[in-house]
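*Asks:* The structure that follows is given in the form of structure tokens.
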Amino acid sequence: MNFKQYILVCGGTGCESSKSDEIYRNLLSAAESKDVKSDVQILKTGCFGLCEKGPIVKVLPDESFYVHVKPEDATEIIEEHVIKGREVKRLLYDTSDSKANKAMENLDFYQKQFRIVLRNCGVINPEDIDEYIARDGYAALSKVLSEMTPDDVIAELKISGLRGRGGAGFPTWLKWNLTKEVESDQKYVVCNADEGDPGAYMDRSTLEGDPHSLIEAMAIAAYTIGADYGYIYIRAEYPLAINRLKIAMEQARGYGLLGKDILGSGFNFDLEIRLGAGAFVCGEETALIASLEGERGMPRPRPPFPSVKGVFGKPTVINNVETWANVPVILHKGGKWFASIGTEDSKGTKVFALTGKINNSGLVEVPMGTTLREIVYDIGGGIKDGKKFKAVQTGGPSGGVITADYIDTPIDYASLQKLGSIMGSGGMIIMDEDDCMVDVAKFYLDFTVDESCGKCAPCRVGGKTMLHLLEGITKGKGTMDDIEKMKKIALGMSKASLCGLGQTAPNPVLSTLRYFEDEYLAHIQEKRCPAGKCKDLTVYEIISDKCIGCGLCARRCPVSCISGEKRQPHVIDQEKCIKCGECYSVCKFEAVSKK
Amino acid sequence: MSSTLYTPTEHQDLLMNIIESLKEQKGALIPILQSAQDSLGYLSEETLKTISRELSIPYSEVTGVVSFYSYFTTVPRGEFVVRVCLGTACYVRGGKEVLEELKKLLDIQVGDTTPDRLFSLEVGRCFGACGLAPVVLVNDDIHQRVKPTELAAILAQYRVQHSEKEAAEGASA
Ligand SMILES: Cc1cc2nc3c(=O)[nH]c(=O)nc-3n(C[C@H](O)[C@H](O)[C@H](O)COP(=O)(O)O)c2cc1C
Ligand code: SF4
Ligand code: SF4
Ligand code: SF4
Ligand code: FES
């Protein structure tokens, strides 16, 4: 059927949590009651990326980009836009330079982006295999099965320069080739969809918005290395993604794209979903394998590497979701095309989850080599509430901070490493002047200590000792000695820990020490937290010149430690104050200071 | 999350069905534990013993796996599991303050359940909705950009839901 118009409703997790499903249903029923069901097709798509402005609804062919849509807006969209051809102006995305309607591609948020991994997110209905196929889906698999040998596939991947997107950046062609070369009666392919980095959701959106791209890529890898079975290991916390994957697998089986004798080539391949059970360390490949085998997810020494001895002792290729999503495009458009994007050592694009103190938080995909400034200011729209940019954390608990001084660095694997951080899986947390860097380091270390599996002593004991020291510093009990002690422990952990978790756990501490040593010193020597974040070092005081004695703070103080006569300046009893900050936030006269 | 109580025989039948349908796959222990917990609400000692026996896996190994993964719980949880995200994005946008307020409102600590078995309080590490930080999950509902001042109203919503359900069940019984 040919429709005159299409309405795309974002069905990503962010927008679903702001009632996009209700918007979708209301649009359907409005179209029905106005009798325009045959003119307009209403679809639920994957994430558009601009989560900050959600729920998002896009109308084609007018390219109208509606933001912050509410369920009750549905009737107006149908009556005004679909029937009368008039855009609902008040819902249009309003960019600062022009209030006119603009195509999504022209919005500042999208202009510097380049979408390979997210090519179908927000474009197709992820629950309909035909839409994936209409956008060249499964073309690569069909080409591989009919025209290419496994060696051809590997050669193409090598030309492309694709490196793993799960953290370490290992060349994908090499990993596949190692596994292909091993003789074995059984091999496996695995998709690592455990996405453990707290504060990142690139993989989730890809799974929700384009599940078929993973199935296609895994089938291609299976053919290449000689496997006939695969596992997708996904976090149980991602119910929408799990559901979309299940639907996609069912549809692929129905089309003969999964199962026996795929596309009549004689090649067999099938897939199974396994749910993670809430352990960060299971994102590490050897721990993931242990978990798949039904055991506690503890890392195992490498070598042997999974390419030789993986799931159930058999040779296994494990790749990250984003790595997989690149594969069909590379084989469809060619390795050369892919290698033309990016920098010398880092080809293609990278998806980042831009969050924290940023105006446009959301998912962005940019060519490798894009600068941090472009991401934060051109795409991200700058820092929230006009505050000052302080730093960005990349690489999650294994990474580090990048400061304003380095904001013009082109981002690739090598440049981030030089700055003491890592590319990681793509979390990008923007921090402003209100964030305390010692507190941030403590936050990450607290996370890794909590998630350490306890198998080896350097990580188990070292992490705890270091956390203890950091806690002391944020409470004003630190000494200059502690900094040297932490550096020593860090060295031991990075050298002697069994897996990446312990080896990289000190990174956030080392990195903040490197760029924000003055903040550590303020905590230690002056017993002061410059950002006013560390409670024990914060002092609230009432400025008597400004206080009009309204008594509001005294009524709100949970420990009743504020006193004063009516219309007279009040005072805080510092002995009793628990530093909850209530007085600071309720005073309407800016009479409470925080130091 | 189901906290419905089954009779011992129903319980046993359900569990045996789960085990039978999954035990043939490789590495079946974790999928069986997940499925059992999803249907039965939590993993009792009895449940774990049955699974250990049916899969011929030593009991100590089963409990070792259960205690390793934070997904599993061996105590019954409340009807509504409130999970506060303490991932980085939520942390820098005030997740900790949200958690403190919830502790106050529910008067319980993380990991505990209110005496009326209505709410359990837990923390999570990123639900993948960081663009909407800070995030609180109540069972499967995502609450986004939560301010501490809104929490009382959010909890009230579930109390109402609970009483409506009880009223409906009372009426049908
Ligand atoms: C502690 C730890 C956690 C990890 N978590 C993840 C994860 O959540 N997702 C992921 O894809 N890779 C994760 N990795 C990296 C994997 O071990 C592995 O390198 C990756 O899945 C390989 O895929 P790639 O080559 O496509 O990047 C983690 C590594 C460590 C040490
Ligand atoms: S480094 Fe930490 S997480 Fe890794 S094996 Fe050792 S104790 Fe476990
Ligand atoms: S709320 Fe402000 S003005 Fe009122 S008594 Fe307190 S400090 Fe003074
Ligand atoms: S910070 Fe809290 S405890 Fe201290 S005076 Fe203000 S309201 Fe009272
Ligand atoms: S950090 Fe809270 S949802 Fe990601």
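How things are named: the first chain in the structure tokens is A, the next is B, and so on; residues count from 1 in each chain; ligands count from 1 in the order shown.
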Can you list, as a list in words, every protein, DNA or RNA residue that comes within 10 Å of Glu97 of chain B when you count only C-alpha atoms, leaving out same-chain residues fewer than 6 positions away?

*Replies:* Cys580 of chain A; Tyr91, Lys103, Pro134, Lys147 and Pro148 of chain B

*Asks:* For the selection you just gave me, I'd like the residues written to a file as a tab-separated table (two decimals), in the first residue's frame, keeping N, CA, C and O atoms.

*Replies:*
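That gives us result.tsv:
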```tsv
chain	number	residue	atom	x	y	z
A	580	CYS	N	22.35	19.10	55.49
A	580	CYS	CA	21.42	18.54	54.51
A	580	CYS	C	21.18	19.52	53.37
A	580	CYS	O	20.71	19.14	52.31
B	91	TYR	N	23.89	9.93	38.98
B	91	TYR	CA	24.62	10.42	40.14
B	91	TYR	C	24.90	11.91	40.02
B	91	TYR	O	24.64	12.68	40.94
B	103	LYS	N	14.72	6.73	51.29
B	103	LYS	CA	15.00	6.05	52.55
B	103	LYS	C	14.18	6.67	53.67
B	103	LYS	O	13.63	5.98	54.51
B	134	PRO	N	17.81	12.14	36.83
B	134	PRO	CA	17.90	10.83	37.49
B	134	PRO	C	16.63	9.98	37.31
B	134	PRO	O	15.54	10.51	37.21
B	147	LYS	N	12.57	14.48	40.95
B	147	LYS	CA	13.06	15.39	41.98
B	147	LYS	C	12.65	14.81	43.33
B	147	LYS	O	11.57	14.24	43.46
B	148	PRO	N	13.50	14.98	44.36
B	148	PRO	CA	13.16	14.43	45.67
B	148	PRO	C	11.76	14.84	46.12
B	148	PRO	O	11.04	14.05	46.73
```

*Asks:* Give me every strand (DSSP E or B) residue in segment 34-136 of chain B, going by DSSP on the backbone, as a ChimeraX atom specification.

*Replies:* /B:80-85,113,119-124,136

*Asks:* Fewer than 6 positions away in the same chain doesn't count, so skip those; otherwise give me all residues within 10 Å of Lys487 of chain A, counting only C-alpha atoms, as a ChimeraX atom specification.

*Replies:* /A:466,493,506,509-510,513

*Asks:* Rank A:Cys15, A:Leu141, A:Ala74, A:Met148 by their smallest atom-to-atom distance to chain B, using only C-alpha atoms, and report the top residue only.

*Replies:*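 Among the listed residues, the smallest separation from chain B belongs to A:Cys15.
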
*Asks:* What residues in chain B have any atom no more than 8 Å from chain A when counting only C-alpha atoms, and can you write them as JSON, numbers by chain?

*Replies:* {"B": [26, 27, 28, 29, 30, 31, 34, 64, 65, 68, 69, 70, 71, 72, 87, 88, 89, 90, 92, 93, 125, 126, 127, 128, 129, 130, 131, 132, 133, 141, 142, 143, 144]}

*Asks:* Selection from above, N, CA and C atoms, as an mmCIF file, in the first residue's frame, can you write it?

*Replies:*
```cif
data_model
loop_
_atom_site.group_PDB
_atom_site.id
_atom_site.type_symbol
_atom_site.label_atom_id
_atom_site.label_comp_id
_atom_site.auth_asym_id
_atom_site.auth_seq_id
_atom_site.Cartn_x
_atom_site.Cartn_y
_atom_site.Cartn_z
ATOM 1 N N LYS B 26 22.405 -26.073 27.180
ATOM 2 C CA LYS B 26 23.709 -26.031 27.847
ATOM 3 C C LYS B 26 23.757 -24.862 28.819
ATOM 4 N N GLY B 27 24.384 -25.074 29.966
ATOM 5 C CA GLY B 27 24.494 -23.988 30.949
ATOM 6 C C GLY B 27 23.138 -23.548 31.444
ATOM 7 N N ALA B 28 22.270 -24.519 31.789
ATOM 8 C CA ALA B 28 20.867 -24.223 32.068
ATOM 9 C C ALA B 28 20.616 -23.588 33.436
ATOM 10 N N LEU B 29 21.580 -23.670 34.348
ATOM 11 C CA LEU B 29 21.309 -23.246 35.727
ATOM 12 C C LEU B 29 20.799 -21.803 35.830
ATOM 13 N N ILE B 30 21.501 -20.874 35.205
ATOM 14 C CA ILE B 30 21.116 -19.468 35.361
ATOM 15 C C ILE B 30 19.757 -19.171 34.720
ATOM 16 N N PRO B 31 19.511 -19.625 33.485
ATOM 17 C CA PRO B 31 18.166 -19.409 32.937
ATOM 18 C C PRO B 31 17.059 -20.005 33.819
ATOM 19 N N GLN B 34 16.587 -17.738 36.831
ATOM 20 C CA GLN B 34 15.918 -16.495 36.434
ATOM 21 C C GLN B 34 14.429 -16.722 36.251
ATOM 22 N N GLY B 64 26.101 -20.641 45.544
ATOM 23 C CA GLY B 64 27.234 -19.800 45.145
ATOM 24 C C GLY B 64 26.852 -18.919 43.964
ATOM 25 N N VAL B 65 26.188 -19.508 42.986
ATOM 26 C CA VAL B 65 25.756 -18.759 41.810
ATOM 27 C C VAL B 65 24.713 -17.716 42.215
ATOM 28 N N PHE B 68 26.230 -14.753 43.901
ATOM 29 C CA PHE B 68 27.132 -13.974 43.053
ATOM 30 C C PHE B 68 26.391 -12.890 42.273
ATOM 31 N N TYR B 69 25.212 -13.230 41.769
ATOM 32 C CA TYR B 69 24.513 -12.301 40.888
ATOM 33 C C TYR B 69 23.481 -11.472 41.654
ATOM 34 N N SER B 70 23.549 -10.151 41.452
ATOM 35 C CA SER B 70 22.666 -9.281 42.227
ATOM 36 C C SER B 70 21.202 -9.406 41.811
ATOM 37 N N TYR B 71 20.949 -10.022 40.667
ATOM 38 C CA TYR B 71 19.571 -10.176 40.195
ATOM 39 C C TYR B 71 18.765 -11.090 41.115
ATOM 40 N N PHE B 72 19.459 -12.033 41.722
ATOM 41 C CA PHE B 72 18.742 -13.043 42.507
ATOM 42 C C PHE B 72 18.465 -12.609 43.935
ATOM 43 N N GLY B 87 23.787 5.116 38.540
ATOM 44 C CA GLY B 87 24.773 5.175 37.458
ATOM 45 C C GLY B 87 25.334 6.591 37.413
ATOM 46 N N THR B 88 26.389 6.780 36.621
ATOM 47 C CA THR B 88 27.082 8.070 36.655
ATOM 48 C C THR B 88 26.189 9.241 36.262
ATOM 49 N N ALA B 89 25.418 9.060 35.195
ATOM 50 C CA ALA B 89 24.592 10.166 34.711
ATOM 51 C C ALA B 89 23.579 10.556 35.776
ATOM 52 N N CYS B 90 22.997 9.555 36.412
ATOM 53 C CA CYS B 90 22.013 9.841 37.454
ATOM 54 C C CYS B 90 22.695 10.415 38.693
ATOM 55 N N VAL B 92 25.420 12.326 38.864
ATOM 56 C CA VAL B 92 25.750 13.746 38.742
ATOM 57 C C VAL B 92 24.492 14.612 38.618
ATOM 58 N N ARG B 93 23.374 14.004 38.331
ATOM 59 C CA ARG B 93 22.149 14.804 38.274
ATOM 60 C C ARG B 93 21.269 14.583 39.511
ATOM 61 N N ARG B 125 22.539 0.186 38.723
ATOM 62 C CA ARG B 125 23.658 0.881 38.086
ATOM 63 C C ARG B 125 23.311 1.083 36.636
ATOM 64 N N CYS B 126 22.560 2.089 36.351
ATOM 65 C CA CYS B 126 22.221 2.468 34.979
ATOM 66 C C CYS B 126 21.166 1.563 34.359
ATOM 67 N N PHE B 127 20.046 2.159 34.056
ATOM 68 C CA PHE B 127 18.965 1.443 33.383
ATOM 69 C C PHE B 127 18.939 1.774 31.900
ATOM 70 N N GLY B 128 19.948 2.452 31.434
ATOM 71 C CA GLY B 128 19.998 2.788 30.015
ATOM 72 C C GLY B 128 19.042 3.889 29.628
ATOM 73 N N ALA B 129 18.676 4.731 30.577
ATOM 74 C CA ALA B 129 17.810 5.863 30.257
ATOM 75 C C ALA B 129 18.479 7.139 30.759
ATOM 76 N N CYS B 130 19.814 7.181 30.634
ATOM 77 C CA CYS B 130 20.618 8.249 31.230
ATOM 78 C C CYS B 130 20.248 9.633 30.732
ATOM 79 N N GLY B 131 19.686 9.703 29.518
ATOM 80 C CA GLY B 131 19.291 10.997 28.978
ATOM 81 C C GLY B 131 18.215 11.637 29.828
ATOM 82 N N LEU B 132 17.572 10.840 30.673
ATOM 83 C CA LEU B 132 16.447 11.322 31.464
ATOM 84 C C LEU B 132 16.783 11.326 32.949
ATOM 85 N N ALA B 133 18.067 11.372 33.250
ATOM 86 C CA ALA B 133 18.520 11.256 34.636
ATOM 87 C C ALA B 133 17.985 12.394 35.508
ATOM 88 N N ASP B 141 8.015 0.292 35.608
ATOM 89 C CA ASP B 141 7.756 1.680 35.200
ATOM 90 C C ASP B 141 8.993 2.541 35.407
ATOM 91 N N ILE B 142 9.336 3.284 34.370
ATOM 92 C CA ILE B 142 10.466 4.208 34.502
ATOM 93 C C ILE B 142 9.950 5.594 34.873
ATOM 94 N N HIS B 143 10.451 6.144 35.960
ATOM 95 C CA HIS B 143 10.145 7.529 36.301
ATOM 96 C C HIS B 143 11.383 8.353 36.014
ATOM 97 N N GLN B 144 11.251 9.393 35.221
ATOM 98 C CA GLN B 144 12.410 10.131 34.761
ATOM 99 C C GLN B 144 12.496 11.521 35.371
#
```

*Asks:* What residues of the protein or nucleic acid chains come within 8 Å of ligand 2 when you use only C-alpha atoms and all ligand atoms? Reply as a ChimeraX atom specification.

*Replies:* /A:281,298-300,451-460,493,497-503

*Asks:* Store the residues picked out above in a file with all heavy atoms, as a short mmCIF file (atom, residue, chain, number, x, y, z; two decimals), in the first residue's frame.

*Replies:*
```
data_model
loop_
_atom_site.label_atom_id
_atom_site.label_comp_id
_atom_site.auth_asym_id
_atom_site.auth_seq_id
_atom_site.Cartn_x
_atom_site.Cartn_y
_atom_site.Cartn_z
N VAL A 281 31.04 -7.36 36.08
CA VAL A 281 32.22 -8.07 35.61
C VAL A 281 31.88 -9.05 34.48
O VAL A 281 32.73 -9.42 33.68
CB VAL A 281 32.95 -8.77 36.79
CG1 VAL A 281 32.18 -9.96 37.29
CG2 VAL A 281 34.37 -9.17 36.41
N MET A 298 33.06 -15.28 37.01
CA MET A 298 34.41 -14.85 37.39
C MET A 298 35.33 -14.93 36.19
O MET A 298 35.33 -15.93 35.47
CB MET A 298 34.94 -15.71 38.51
CG MET A 298 34.25 -15.46 39.83
SD MET A 298 35.24 -16.16 41.12
CE MET A 298 34.35 -15.67 42.57
N PRO A 299 36.17 -13.91 36.00
CA PRO A 299 37.11 -13.94 34.88
C PRO A 299 38.07 -15.11 35.00
O PRO A 299 38.35 -15.61 36.09
CB PRO A 299 37.85 -12.62 35.01
CG PRO A 299 36.93 -11.73 35.78
CD PRO A 299 36.23 -12.64 36.74
N ARG A 300 38.57 -15.52 33.85
CA ARG A 300 39.56 -16.60 33.82
C ARG A 300 40.83 -16.04 33.20
O ARG A 300 40.76 -15.09 32.41
CB ARG A 300 39.03 -17.75 32.94
CG ARG A 300 37.76 -18.35 33.52
CD ARG A 300 37.08 -19.26 32.50
NE ARG A 300 35.91 -19.90 33.10
CZ ARG A 300 35.04 -20.62 32.41
NH1 ARG A 300 35.20 -20.80 31.11
NH2 ARG A 300 34.00 -21.16 33.02
N GLU A 451 31.68 -4.04 42.51
CA GLU A 451 31.50 -5.02 41.43
C GLU A 451 32.66 -5.99 41.31
O GLU A 451 32.60 -6.91 40.50
CB GLU A 451 31.28 -4.29 40.10
CG GLU A 451 29.97 -3.48 40.03
CD GLU A 451 28.73 -4.38 40.03
OE1 GLU A 451 28.85 -5.58 39.70
OE2 GLU A 451 27.64 -3.86 40.35
N SER A 452 33.72 -5.79 42.05
CA SER A 452 34.85 -6.71 41.99
C SER A 452 34.38 -8.11 42.36
O SER A 452 33.62 -8.29 43.31
CB SER A 452 35.94 -6.26 42.96
OG SER A 452 36.81 -7.35 43.25
N CYS A 453 34.83 -9.11 41.61
CA CYS A 453 34.34 -10.46 41.88
C CYS A 453 35.09 -11.09 43.05
O CYS A 453 34.71 -12.13 43.56
CB CYS A 453 34.44 -11.33 40.64
SG CYS A 453 36.08 -12.00 40.35
N GLY A 454 36.19 -10.48 43.45
CA GLY A 454 36.90 -10.95 44.63
C GLY A 454 37.86 -12.10 44.38
O GLY A 454 38.43 -12.66 45.31
N LYS A 455 38.04 -12.45 43.12
CA LYS A 455 38.88 -13.62 42.84
C LYS A 455 40.36 -13.37 43.11
O LYS A 455 41.06 -14.25 43.57
CB LYS A 455 38.67 -14.03 41.38
CG LYS A 455 39.39 -15.31 40.97
CD LYS A 455 38.90 -15.76 39.61
CE LYS A 455 39.64 -16.99 39.14
NZ LYS A 455 39.01 -17.57 37.94
N CYS A 456 40.82 -12.14 42.82
CA CYS A 456 42.25 -11.90 43.05
C CYS A 456 42.49 -10.76 44.04
O CYS A 456 41.75 -9.79 44.08
CB CYS A 456 43.00 -11.67 41.74
SG CYS A 456 42.54 -10.18 40.87
N ALA A 457 43.56 -10.89 44.82
CA ALA A 457 43.82 -9.97 45.93
C ALA A 457 44.12 -8.53 45.52
O ALA A 457 43.65 -7.60 46.18
CB ALA A 457 44.93 -10.52 46.82
N PRO A 458 44.91 -8.30 44.48
CA PRO A 458 45.25 -6.90 44.16
C PRO A 458 43.98 -6.06 43.97
O PRO A 458 43.91 -4.93 44.45
CB PRO A 458 46.02 -7.01 42.84
CG PRO A 458 46.51 -8.40 42.78
CD PRO A 458 45.55 -9.24 43.55
N CYS A 459 42.99 -6.62 43.31
CA CYS A 459 41.77 -5.89 43.05
C CYS A 459 40.90 -5.84 44.30
O CYS A 459 40.43 -4.79 44.71
CB CYS A 459 41.03 -6.55 41.88
SG CYS A 459 39.34 -6.01 41.63
N ARG A 460 40.76 -6.98 44.94
CA ARG A 460 39.86 -7.08 46.10
C ARG A 460 40.36 -6.20 47.25
O ARG A 460 39.62 -5.38 47.78
CB ARG A 460 39.77 -8.54 46.53
CG ARG A 460 38.73 -8.84 47.59
CD ARG A 460 38.76 -10.32 47.97
NE ARG A 460 40.04 -10.71 48.56
CZ ARG A 460 40.79 -11.72 48.13
NH1 ARG A 460 40.41 -12.45 47.11
NH2 ARG A 460 41.94 -12.01 48.73
N MET A 493 47.70 -2.58 41.51
CA MET A 493 46.46 -3.09 40.93
C MET A 493 46.56 -3.25 39.42
O MET A 493 46.14 -4.23 38.85
CB MET A 493 45.29 -2.16 41.26
CG MET A 493 44.82 -2.25 42.70
SD MET A 493 43.49 -1.06 43.04
CE MET A 493 42.07 -1.89 42.32
N SER A 497 46.42 -7.33 38.82
CA SER A 497 45.04 -7.83 38.79
C SER A 497 44.85 -8.80 37.64
O SER A 497 45.48 -8.67 36.60
CB SER A 497 44.05 -6.69 38.66
OG SER A 497 44.07 -5.91 39.82
N LEU A 498 43.93 -9.73 37.86
CA LEU A 498 43.71 -10.78 36.87
C LEU A 498 42.98 -10.25 35.64
O LEU A 498 43.29 -10.62 34.51
CB LEU A 498 42.91 -11.92 37.52
CG LEU A 498 42.50 -13.07 36.61
CD1 LEU A 498 43.72 -13.77 36.04
CD2 LEU A 498 41.64 -14.07 37.38
N CYS A 499 41.98 -9.39 35.83
CA CYS A 499 41.22 -8.96 34.66
C CYS A 499 41.19 -7.45 34.56
O CYS A 499 41.66 -6.72 35.43
CB CYS A 499 39.80 -9.52 34.70
SG CYS A 499 38.63 -8.53 35.64
N GLY A 500 40.59 -6.99 33.48
CA GLY A 500 40.54 -5.57 33.17
C GLY A 500 39.87 -4.74 34.24
O GLY A 500 40.19 -3.56 34.40
N LEU A 501 38.94 -5.33 34.97
CA LEU A 501 38.25 -4.55 35.99
C LEU A 501 39.24 -4.01 37.02
O LEU A 501 39.31 -2.82 37.30
CB LEU A 501 37.16 -5.38 36.67
CG LEU A 501 36.22 -4.62 37.60
CD1 LEU A 501 34.82 -5.22 37.58
CD2 LEU A 501 36.72 -4.59 39.04
N GLY A 502 40.03 -4.91 37.57
CA GLY A 502 41.00 -4.50 38.58
C GLY A 502 42.14 -3.69 37.99
O GLY A 502 42.61 -2.72 38.59
N GLN A 503 42.57 -4.07 36.78
CA GLN A 503 43.70 -3.38 36.15
C GLN A 503 43.38 -1.91 35.89
O GLN A 503 44.24 -1.05 35.97
CB GLN A 503 44.05 -4.06 34.82
CG GLN A 503 44.73 -5.40 35.01
CD GLN A 503 44.58 -6.29 33.78
OE1 GLN A 503 44.11 -5.84 32.73
NE2 GLN A 503 44.96 -7.55 33.90
#
```

*Asks:* Report the residues of segment 18-104 of chain B whose backbone DSSP state falls under helix (DSSP H, G or I), written as an MDAnalysis selection string.

*Replies:* chainID B and resid 18:22 29:40 45:55 59:68 88:92 95:104

*Asks:* Counting only C-alpha atoms and all ligand atoms, give me one row per residue of chain A with an atom at most 8 Å from an atom of ligand 1, showing the shortest contact pair and its distance in Å to one decimal, sorted by chain then residue number, as JSON lines.

*Replies:*
```
{"residue": "A:Arg163", "atom": "CA", "partner": "ligand 1", "partner_atom_place_in_ligand_line": "25 (O)", "distance": 6.6}
{"residue": "A:Gly164", "atom": "CA", "partner": "ligand 1", "partner_atom_place_in_ligand_line": "27 (O)", "distance": 3.3}
{"residue": "A:Arg165", "atom": "CA", "partner": "ligand 1", "partner_atom_place_in_ligand_line": "27 (O)", "distance": 4.2}
{"residue": "A:Gly166", "atom": "CA", "partner": "ligand 1", "partner_atom_place_in_ligand_line": "27 (O)", "distance": 3.3}
{"residue": "A:Gly167", "atom": "CA", "partner": "ligand 1", "partner_atom_place_in_ligand_line": "15 (C)", "distance": 5.3}
{"residue": "A:Ala168", "atom": "CA", "partner": "ligand 1", "partner_atom_place_in_ligand_line": "19 (O)", "distance": 5.6}
{"residue": "A:Gly169", "atom": "CA", "partner": "ligand 1", "partner_atom_place_in_ligand_line": "27 (O)", "distance": 5.7}
{"residue": "A:Phe170", "atom": "CA", "partner": "ligand 1", "partner_atom_place_in_ligand_line": "25 (O)", "distance": 5.2}
{"residue": "A:Pro171", "atom": "CA", "partner": "ligand 1", "partner_atom_place_in_ligand_line": "25 (O)", "distance": 7.0}
{"residue": "A:Thr172", "atom": "CA", "partner": "ligand 1", "partner_atom_place_in_ligand_line": "25 (O)", "distance": 6.1}
{"residue": "A:Lys175", "atom": "CA", "partner": "ligand 1", "partner_atom_place_in_ligand_line": "25 (O)", "distance": 7.7}
{"residue": "A:Cys191", "atom": "CA", "partner": "ligand 1", "partner_atom_place_in_ligand_line": "21 (O)", "distance": 7.6}
{"residue": "A:Asn192", "atom": "CA", "partner": "ligand 1", "partner_atom_place_in_ligand_line": "11 (O)", "distance": 4.7}
{"residue": "A:Ala193", "atom": "CA", "partner": "ligand 1", "partner_atom_place_in_ligand_line": "9 (N)", "distance": 5.8}
{"residue": "A:Asp194", "atom": "CA", "partner": "ligand 1", "partner_atom_place_in_ligand_line": "8 (O)", "distance": 4.4}
{"residue": "A:Glu195", "atom": "CA", "partner": "ligand 1", "partner_atom_place_in_ligand_line": "8 (O)", "distance": 3.4}
{"residue": "A:Gly196", "atom": "CA", "partner": "ligand 1", "partner_atom_place_in_ligand_line": "8 (O)", "distance": 4.0}
{"residue": "A:Asp197", "atom": "CA", "partner": "ligand 1", "partner_atom_place_in_ligand_line": "8 (O)", "distance": 6.1}
{"residue": "A:Phe280", "atom": "CA", "partner": "ligand 1", "partner_atom_place_in_ligand_line": "3 (C)", "distance": 6.2}
{"residue": "A:Val281", "atom": "CA", "partner": "ligand 1", "partner_atom_place_in_ligand_line": "1 (C)", "distance": 4.7}
{"residue": "A:Cys282", "atom": "CA", "partner": "ligand 1", "partner_atom_place_in_ligand_line": "3 (C)", "distance": 6.6}
{"residue": "A:Gly283", "atom": "CA", "partner": "ligand 1", "partner_atom_place_in_ligand_line": "5 (N)", "distance": 3.3}
{"residue": "A:Glu284", "atom": "CA", "partner": "ligand 1", "partner_atom_place_in_ligand_line": "17 (O)", "distance": 3.5}
{"residue": "A:Glu285", "atom": "CA", "partner": "ligand 1", "partner_atom_place_in_ligand_line": "17 (O)", "distance": 3.9}
{"residue": "A:Thr286", "atom": "CA", "partner": "ligand 1", "partner_atom_place_in_ligand_line": "17 (O)", "distance": 7.0}
{"residue": "A:Ile318", "atom": "CA", "partner": "ligand 1", "partner_atom_place_in_ligand_line": "23 (O)", "distance": 5.5}
{"residue": "A:Asn319", "atom": "CA", "partner": "ligand 1", "partner_atom_place_in_ligand_line": "26 (O)", "distance": 3.4}
{"residue": "A:Asn320", "atom": "CA", "partner": "ligand 1", "partner_atom_place_in_ligand_line": "11 (O)", "distance": 3.7}
{"residue": "A:Val321", "atom": "CA", "partner": "ligand 1", "partner_atom_place_in_ligand_line": "11 (O)", "distance": 6.4}
{"residue": "A:Glu322", "atom": "CA", "partner": "ligand 1", "partner_atom_place_in_ligand_line": "26 (O)", "distance": 7.2}
{"residue": "A:Thr323", "atom": "CA", "partner": "ligand 1", "partner_atom_place_in_ligand_line": "26 (O)", "distance": 4.8}
{"residue": "A:Trp324", "atom": "CA", "partner": "ligand 1", "partner_atom_place_in_ligand_line": "26 (O)", "distance": 7.0}
{"residue": "A:Ser398", "atom": "CA", "partner": "ligand 1", "partner_atom_place_in_ligand_line": "1 (C)", "distance": 7.9}
{"residue": "A:Ser425", "atom": "CA", "partner": "ligand 1", "partner_atom_place_in_ligand_line": "10 (C)", "distance": 7.0}
{"residue": "A:Cys499", "atom": "CA", "partner": "ligand 1", "partner_atom_place_in_ligand_line": "31 (C)", "distance": 5.8}
{"residue": "A:Gly500", "atom": "CA", "partner": "ligand 1", "partner_atom_place_in_ligand_line": "31 (C)", "distance": 3.4}
{"residue": "A:Leu501", "atom": "CA", "partner": "ligand 1", "partner_atom_place_in_ligand_line": "1 (C)", "distance": 3.8}
{"residue": "A:Gly502", "atom": "CA", "partner": "ligand 1", "partner_atom_place_in_ligand_line": "1 (C)", "distance": 7.6}
{"residue": "A:Thr504", "atom": "CA", "partner": "ligand 1", "partner_atom_place_in_ligand_line": "31 (C)", "distance": 7.9}
```

*Asks:* Within 7 Å of ligand 3, counting only C-alpha atoms and all ligand atoms: which residues, as a list in words?

*Replies:* Ile542, Lys546, Cys547, Ile548, Gly549, Cys550, Gly551, Leu552, Cys553, Ala554, Pro569, His570, Cys583, Val586, Cys587, Lys588, Phe589, Glu590, Ala591 and Val592 of chain A

*Asks:* Please check which protein, DNA or RNA residues sit within 6 Å of ligand 4, counting only C-alpha atoms and all ligand atoms, and write them as a ChimeraX atom specification.

*Replies:* /A:540,557-559,561-562,572,577-583

*Asks:* Identify, on the basis of only C-alpha atoms, every residue whose closest approach to Ser265 of chain A does not exceed 10 Å; exclude the query and any residue fewer than 4 positions from it along the same chain; express the result as a VMD selection string.

*Replies:* chain A and resid 142 145 to 146 260 to 261
